[in-house]
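Trainee: For reference, the file coords35.cif (mmCIF, C-alpha atoms) is included below:
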data_protein
#
loop_
_atom_site.label_atom_id
_atom_site.label_comp_id
_atom_site.auth_asym_id
_atom_site.auth_seq_id
_atom_site.Cartn_x
_atom_site.Cartn_y
_atom_site.Cartn_z
CA MET L 405 34.04 -26.85 54.91
CA LYS L 406 31.17 -29.20 55.72
CA PHE L 407 28.82 -26.25 55.49
CA PHE L 408 30.26 -25.32 52.08
CA LYS L 409 29.86 -28.91 50.74
CA LEU L 410 26.31 -29.02 52.10
CA PHE L 411 25.64 -25.64 50.46
CA ILE L 412 26.98 -26.90 47.09
CA VAL L 413 24.87 -30.11 47.33
CA CYS L 414 21.76 -28.05 48.17
CA VAL L 415 22.40 -25.63 45.28
CA PHE L 416 23.00 -28.55 42.92
CA ALA L 417 19.84 -30.33 44.16
CA PHE L 418 17.81 -27.12 43.86
CA SER L 419 19.17 -26.56 40.33
CA PHE L 420 18.35 -30.16 39.38
CA ILE L 421 14.80 -29.88 40.75
CA SER L 422 14.34 -26.52 39.05
CA CYS L 423 15.57 -27.91 35.75
CA SER L 424 13.35 -30.96 35.96
CA ASN L 425 10.34 -28.77 36.76
CA SER L 426 11.07 -26.48 33.84
CA ASP L 427 11.20 -29.51 31.51
CA ASP L 428 7.62 -30.33 32.52
CA THR L 429 6.42 -26.96 31.29
CA ILE L 430 7.38 -27.40 27.64
CA PRO L 431 5.19 -25.15 25.54
CA GLU L 432 2.23 -26.99 24.02
CA ILE L 433 2.52 -27.79 20.36
CA GLU L 434 -0.50 -26.56 18.45
CA GLN L 435 -2.65 -29.58 17.50
CA GLU L 436 -5.12 -29.92 14.67
CA ILE L 437 -8.61 -29.03 15.75
CA GLU L 438 -10.92 -32.01 15.38
CA ILE L 439 -14.05 -31.16 13.42
CA ASP L 440 -17.31 -32.25 15.01
CA PRO L 441 -18.94 -33.90 11.99
CA THR L 442 -22.68 -33.97 11.55
CA ILE L 443 -24.91 -36.22 9.51
CA ILE L 444 -27.10 -33.26 8.51
CA GLY L 445 -26.80 -32.37 4.83
CA SER L 446 -26.40 -33.97 1.42
CA TRP L 447 -24.37 -37.12 0.83
CA ASP L 448 -23.40 -38.80 -2.46
CA LEU L 449 -23.63 -42.60 -2.34
CA THR L 450 -20.34 -43.95 -3.71
CA SER L 451 -20.55 -47.65 -2.83
CA LEU L 452 -23.25 -50.16 -1.89
CA THR L 453 -22.91 -53.85 -1.10
CA THR L 454 -25.69 -56.14 0.00
CA SER L 455 -26.38 -59.63 1.26
CA ILE L 456 -29.89 -61.02 1.63
CA TYR L 457 -30.99 -64.08 3.56
CA SER L 458 -34.49 -64.99 2.44
CA THR L 459 -37.00 -67.61 3.50
CA THR L 460 -40.25 -68.35 1.71
CA THR L 461 -43.01 -70.38 3.33
CA THR L 462 -45.59 -71.89 1.00
CA SER L 463 -49.25 -72.37 1.88
CA GLN L 464 -48.44 -76.09 2.44
CA GLY L 465 -45.83 -75.17 5.08
CA THR L 466 -42.76 -75.90 2.94
CA ILE L 467 -39.88 -73.51 3.65
CA SER L 468 -37.26 -72.65 1.05
CA GLU L 469 -34.15 -70.57 1.69
CA SER L 470 -31.90 -68.50 -0.52
CA ASN L 471 -28.84 -66.32 -0.05
CA SER L 472 -27.91 -63.39 -2.27
CA GLU L 473 -24.82 -61.21 -2.59
CA GLY L 474 -24.57 -58.07 -4.67
CA GLU L 475 -22.66 -54.91 -5.39
CA GLY L 476 -24.01 -51.59 -6.63
CA SER L 477 -22.95 -49.98 -9.88
CA ASN L 478 -24.00 -46.97 -11.97
CA ILE L 479 -24.66 -45.22 -8.64
CA ASP L 480 -26.25 -41.79 -8.96
CA ILE L 481 -27.90 -41.39 -5.53
CA ILE L 482 -27.98 -38.35 -3.26
CA VAL L 483 -29.24 -38.79 0.29
CA ILE L 484 -30.29 -35.77 2.33
CA PHE L 485 -30.57 -35.82 6.13
CA SER L 486 -32.61 -32.83 7.30
CA GLU L 487 -33.46 -31.77 10.85
CA ASN L 488 -36.57 -30.38 12.56
CA PRO L 489 -38.15 -32.63 11.42
CA ASN L 490 -35.53 -35.37 11.11
CA ILE L 491 -36.34 -36.72 7.67
CA SER L 492 -34.02 -38.50 5.27
CA THR L 493 -34.75 -38.56 1.55
CA ALA L 494 -33.01 -40.13 -1.40
CA VAL L 495 -33.07 -39.16 -5.05
CA GLY L 496 -31.52 -40.96 -7.99
CA THR L 497 -30.93 -44.52 -9.12
CA TYR L 498 -28.39 -47.31 -9.10
CA SER L 499 -27.93 -50.81 -10.52
CA ILE L 500 -26.99 -53.97 -8.71
CA GLU L 501 -25.71 -57.34 -9.85
CA LEU L 502 -27.17 -59.90 -7.48
CA THR L 503 -26.00 -63.50 -7.32
CA THR L 504 -28.53 -65.77 -5.58
CA ASP L 505 -27.85 -69.28 -4.30
CA PHE L 506 -31.07 -71.27 -4.00
CA GLY L 507 -29.22 -74.34 -2.75
CA GLY L 508 -28.70 -77.63 -4.53
CA GLY L 509 -26.30 -76.02 -7.00
CA GLN L 510 -28.90 -73.61 -8.37
CA ILE L 511 -27.17 -70.20 -8.65
CA ILE L 512 -28.59 -67.31 -10.64
CA THR L 513 -26.95 -63.94 -11.34
CA GLN L 514 -29.23 -61.07 -12.31
CA THR L 515 -28.70 -57.36 -12.89
CA PHE L 516 -31.35 -54.94 -11.68
CA ASP L 517 -31.27 -51.42 -13.11
CA ASP L 518 -32.92 -48.12 -12.18
CA LEU L 519 -33.30 -49.00 -8.49
CA ASN L 520 -33.79 -46.32 -5.84
CA LEU L 521 -33.54 -46.06 -2.07
CA ASN L 522 -36.92 -44.40 -1.51
CA ASN L 523 -38.33 -47.29 0.54
CA PHE L 524 -35.31 -47.31 2.86
CA PHE L 525 -35.62 -43.73 4.04
CA GLY L 526 -38.00 -41.73 6.26
CA GLU L 527 -37.94 -40.33 9.81
CA TRP L 528 -34.49 -40.78 11.34
CA SER L 529 -32.87 -40.63 14.76
CA LEU L 530 -29.28 -40.92 15.89
CA ASP L 531 -28.09 -42.39 19.19
CA GLU L 532 -24.28 -42.33 19.40
CA ASN L 533 -23.27 -44.54 16.44
CA GLN L 534 -26.73 -46.01 15.85
CA LEU L 535 -28.79 -44.59 12.98
CA ILE L 536 -32.45 -45.62 13.03
CA ILE L 537 -34.76 -44.89 10.10
CA ASN L 538 -38.49 -45.65 10.15
CA THR L 539 -39.33 -46.34 6.52
CA PRO L 540 -42.56 -45.59 4.66
CA LEU L 541 -43.26 -49.35 4.53
CA ASN L 542 -43.38 -49.47 8.36
CA ASN L 543 -40.02 -51.21 8.47
CA THR L 544 -37.17 -50.04 10.64
CA LEU L 545 -33.70 -49.66 9.21
CA ASN L 546 -31.09 -50.13 11.95
CA ALA L 547 -27.64 -48.95 10.94
CA THR L 548 -24.33 -48.85 12.75
CA ILE L 549 -22.18 -45.91 11.73
CA THR L 550 -18.58 -47.07 11.41
CA SER L 551 -17.20 -43.75 10.17
CA LEU L 552 -18.52 -40.19 10.24
CA THR L 553 -16.15 -37.41 9.28
CA GLU L 554 -16.65 -34.07 7.62
CA ASN L 555 -16.53 -35.75 4.18
CA THR L 556 -17.29 -39.45 4.73
CA LEU L 557 -20.24 -41.41 6.10
CA ILE L 558 -20.07 -45.21 6.29
CA TYR L 559 -22.71 -47.38 7.86
CA ASN L 560 -23.88 -50.97 7.87
CA SER L 561 -27.59 -51.62 8.07
CA VAL L 562 -29.90 -54.49 8.78
CA LEU L 563 -33.45 -54.40 7.49
CA GLU L 564 -35.91 -57.17 8.18
CA GLU L 565 -38.99 -57.26 6.01
CA GLU L 566 -41.91 -59.64 5.89
CA PHE L 567 -44.59 -59.75 3.20
CA THR L 568 -46.92 -62.05 1.31
CA ASN L 569 -46.01 -62.47 -2.34
CA SER L 570 -48.37 -62.84 -5.31
CA ASN L 571 -48.50 -66.64 -4.76
CA ASN L 572 -49.80 -66.05 -1.21
CA GLU L 573 -46.47 -67.22 0.22
CA LEU L 574 -44.89 -65.64 3.28
CA VAL L 575 -41.48 -64.13 2.45
CA VAL L 576 -39.06 -63.00 5.16
CA ASN L 577 -35.92 -61.13 4.08
CA ILE L 578 -33.00 -60.11 6.26
CA ILE L 579 -31.06 -57.55 4.26
CA ASN L 580 -27.54 -56.54 5.33
CA GLN L 581 -26.08 -53.60 3.46
CA SER L 582 -22.97 -51.49 3.62
CA TYR L 583 -23.18 -47.90 2.37
CA ILE L 584 -20.32 -45.48 1.73
CA TYR L 585 -21.12 -41.79 1.15
CA SER L 586 -19.02 -38.72 0.48
CA ARG L 587 -19.65 -34.99 0.19
#
Have the structure of the file written as structure tokens, please.

Mentor:
Amino acid sequence: MKFFKLFIVCVFAFSFISCSNSDDTIPEIEQEIEIDPTIIGSWDLTSLTTSIYSTTTTSQGTISESNSEGEGSNIDIIVIFSENPNISTAVGTYSIELTTDFGGGQIITQTFDDLNLNNFFGEWSLDENQLIINTPLNNTLNATITSLTENTLIYNSVLEEEFTNSNNELVVNIINQSYIYSR
């Protein structure tokens, strides 16, 4: 009788182990295949926002600062990222309404029409989520890609530019922009 009880316990234990093992081998449910998106190709610019921190140094050493915020409108821009060579080009125009705070309560809002992105594009490289574009004006556009899917490209860029204006004043701009593209 002890042998029979031991046999029943062993059969039950074996059945339990077998059942638990079979539960681990549930057939895999077919999952969506993730598309490996690429930046190569044509992209339509759908949204552009910008903020500019600017300093101007006069010949007498006086420094003035201003801050600007703006949003693109009437956007008709197509950007093309090609490879071998890695060149980005942009065609089309957009408008932007830019509100500038010169400090001391002096705020000016201006609309600029028929703008293009030609000076912000050139030879490009991509390192993980970092897009780097060497522009024709010898500036470097550093952008962080926050989304890249088959149909959407979103990146935030920082461009620092320095030049002497027509009054022989040194102007330094730090331009932060957010771009949203679709295809």

Trainee: Name the residues that the PyMOL selection byres ((chain L and resi 496-507) around 8) pulls out of this structure, and write them as number ranges by chain.

Mentor: L: 469-482, 494-495, 508-521

Trainee: How many Å lie between CA of Ile456 in chain L and CA of Leu574 in chain L, rounded to one decimal?

Mentor: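 Result for CA of Ile456 in chain L versus CA of Leu574 in chain L: 15.8 Å, one decimal.
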
Trainee: Using only C-alpha atoms, which of the listed residues (L:Thr466, L:Thr461, L:Asn490, L:Thr568) sits closest to Ser529 in chain L?

Mentor: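 Among the listed residues, the smallest separation from Ser529 in chain L belongs to L:Asn490.
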
Trainee: Step by step, work through what the PyMOL selection byres ((chain L and resi 580-584) around 8) selects in the shown file, and finish by giving those residues as a list in words.

Mentor: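 That selection, the PyMOL selection byres ((chain L and resi 580-584) around 8), comes back as Leu449, Thr450, Ser451, Leu452, Thr453, Thr454, Ser455, Ile456, Thr556, Leu557, Ile558, Tyr559, Asn560, Ser561, Val562, Leu563, Ile578, Ile579, Tyr585 and Ser586 of chain L.
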
Trainee: Evaluated on this file, the PyMOL selection byres ((chain L and resi 541-553) around 8) picks out some residues - which ones are they, written as an mmCIF file with C-alpha atoms, in the coordinates of the input?

Mentor:
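As written to disk, selection.cif reads:
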data_model
loop_
_atom_site.group_PDB
_atom_site.id
_atom_site.type_symbol
_atom_site.label_atom_id
_atom_site.label_comp_id
_atom_site.auth_asym_id
_atom_site.auth_seq_id
_atom_site.Cartn_x
_atom_site.Cartn_y
_atom_site.Cartn_z
ATOM 1 C CA ILE L 439 -14.050 -31.160 13.420
ATOM 2 C CA ASP L 440 -17.310 -32.250 15.010
ATOM 3 C CA PRO L 441 -18.940 -33.900 11.990
ATOM 4 C CA THR L 442 -22.680 -33.970 11.550
ATOM 5 C CA ILE L 443 -24.910 -36.220 9.510
ATOM 6 C CA ASN L 523 -38.330 -47.290 0.540
ATOM 7 C CA PHE L 524 -35.310 -47.310 2.860
ATOM 8 C CA ASN L 533 -23.270 -44.540 16.440
ATOM 9 C CA GLN L 534 -26.730 -46.010 15.850
ATOM 10 C CA LEU L 535 -28.790 -44.590 12.980
ATOM 11 C CA ILE L 536 -32.450 -45.620 13.030
ATOM 12 C CA ILE L 537 -34.760 -44.890 10.100
ATOM 13 C CA ASN L 538 -38.490 -45.650 10.150
ATOM 14 C CA THR L 539 -39.330 -46.340 6.520
ATOM 15 C CA PRO L 540 -42.560 -45.590 4.660
ATOM 16 C CA GLU L 554 -16.650 -34.070 7.620
ATOM 17 C CA ASN L 555 -16.530 -35.750 4.180
ATOM 18 C CA THR L 556 -17.290 -39.450 4.730
ATOM 19 C CA LEU L 557 -20.240 -41.410 6.100
ATOM 20 C CA ILE L 558 -20.070 -45.210 6.290
ATOM 21 C CA TYR L 559 -22.710 -47.380 7.860
ATOM 22 C CA ASN L 560 -23.880 -50.970 7.870
ATOM 23 C CA SER L 561 -27.590 -51.620 8.070
ATOM 24 C CA VAL L 562 -29.900 -54.490 8.780
ATOM 25 C CA LEU L 563 -33.450 -54.400 7.490
ATOM 26 C CA GLU L 564 -35.910 -57.170 8.180
ATOM 27 C CA GLU L 565 -38.990 -57.260 6.010
#

Trainee: Counting all atoms listed in the file, which residues sit no farther than 7 Å from the position (-32.9, -39.6, 2.7) in the file's frame? I'd like them as a list in words.

Mentor: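 Looking at atoms near the point gives Val483, Ile484, Phe485, Ile491, Ser492, Thr493, Ala494, Phe525 and Gly526 of chain L.
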
Trainee: Mind giving me the straight-line distance from CA of Asn522 in chain L to CA of Asn571 in chain L in Å, one decimal?

Mentor: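 Result for CA of Asn522 in chain L versus CA of Asn571 in chain L: 25.3 Å, one decimal.
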
Trainee: One decimal, Å: what's the distance from CA of Asn577 in chain L over to CA of Leu530 in chain L, could you say?

Mentor: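 Calculated distance between CA of Asn577 in chain L and CA of Leu530 in chain L is 24.3 Å.
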
Trainee: In terms of the shortest atom-to-atom distance over all atoms listed in the file, which of L:Trp528, L:Phe567, L:Glu487, L:Val575 is closest to Gly445 in chain L?

Mentor: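 Result for the nearest residue to Gly445 in chain L: L:Glu487.
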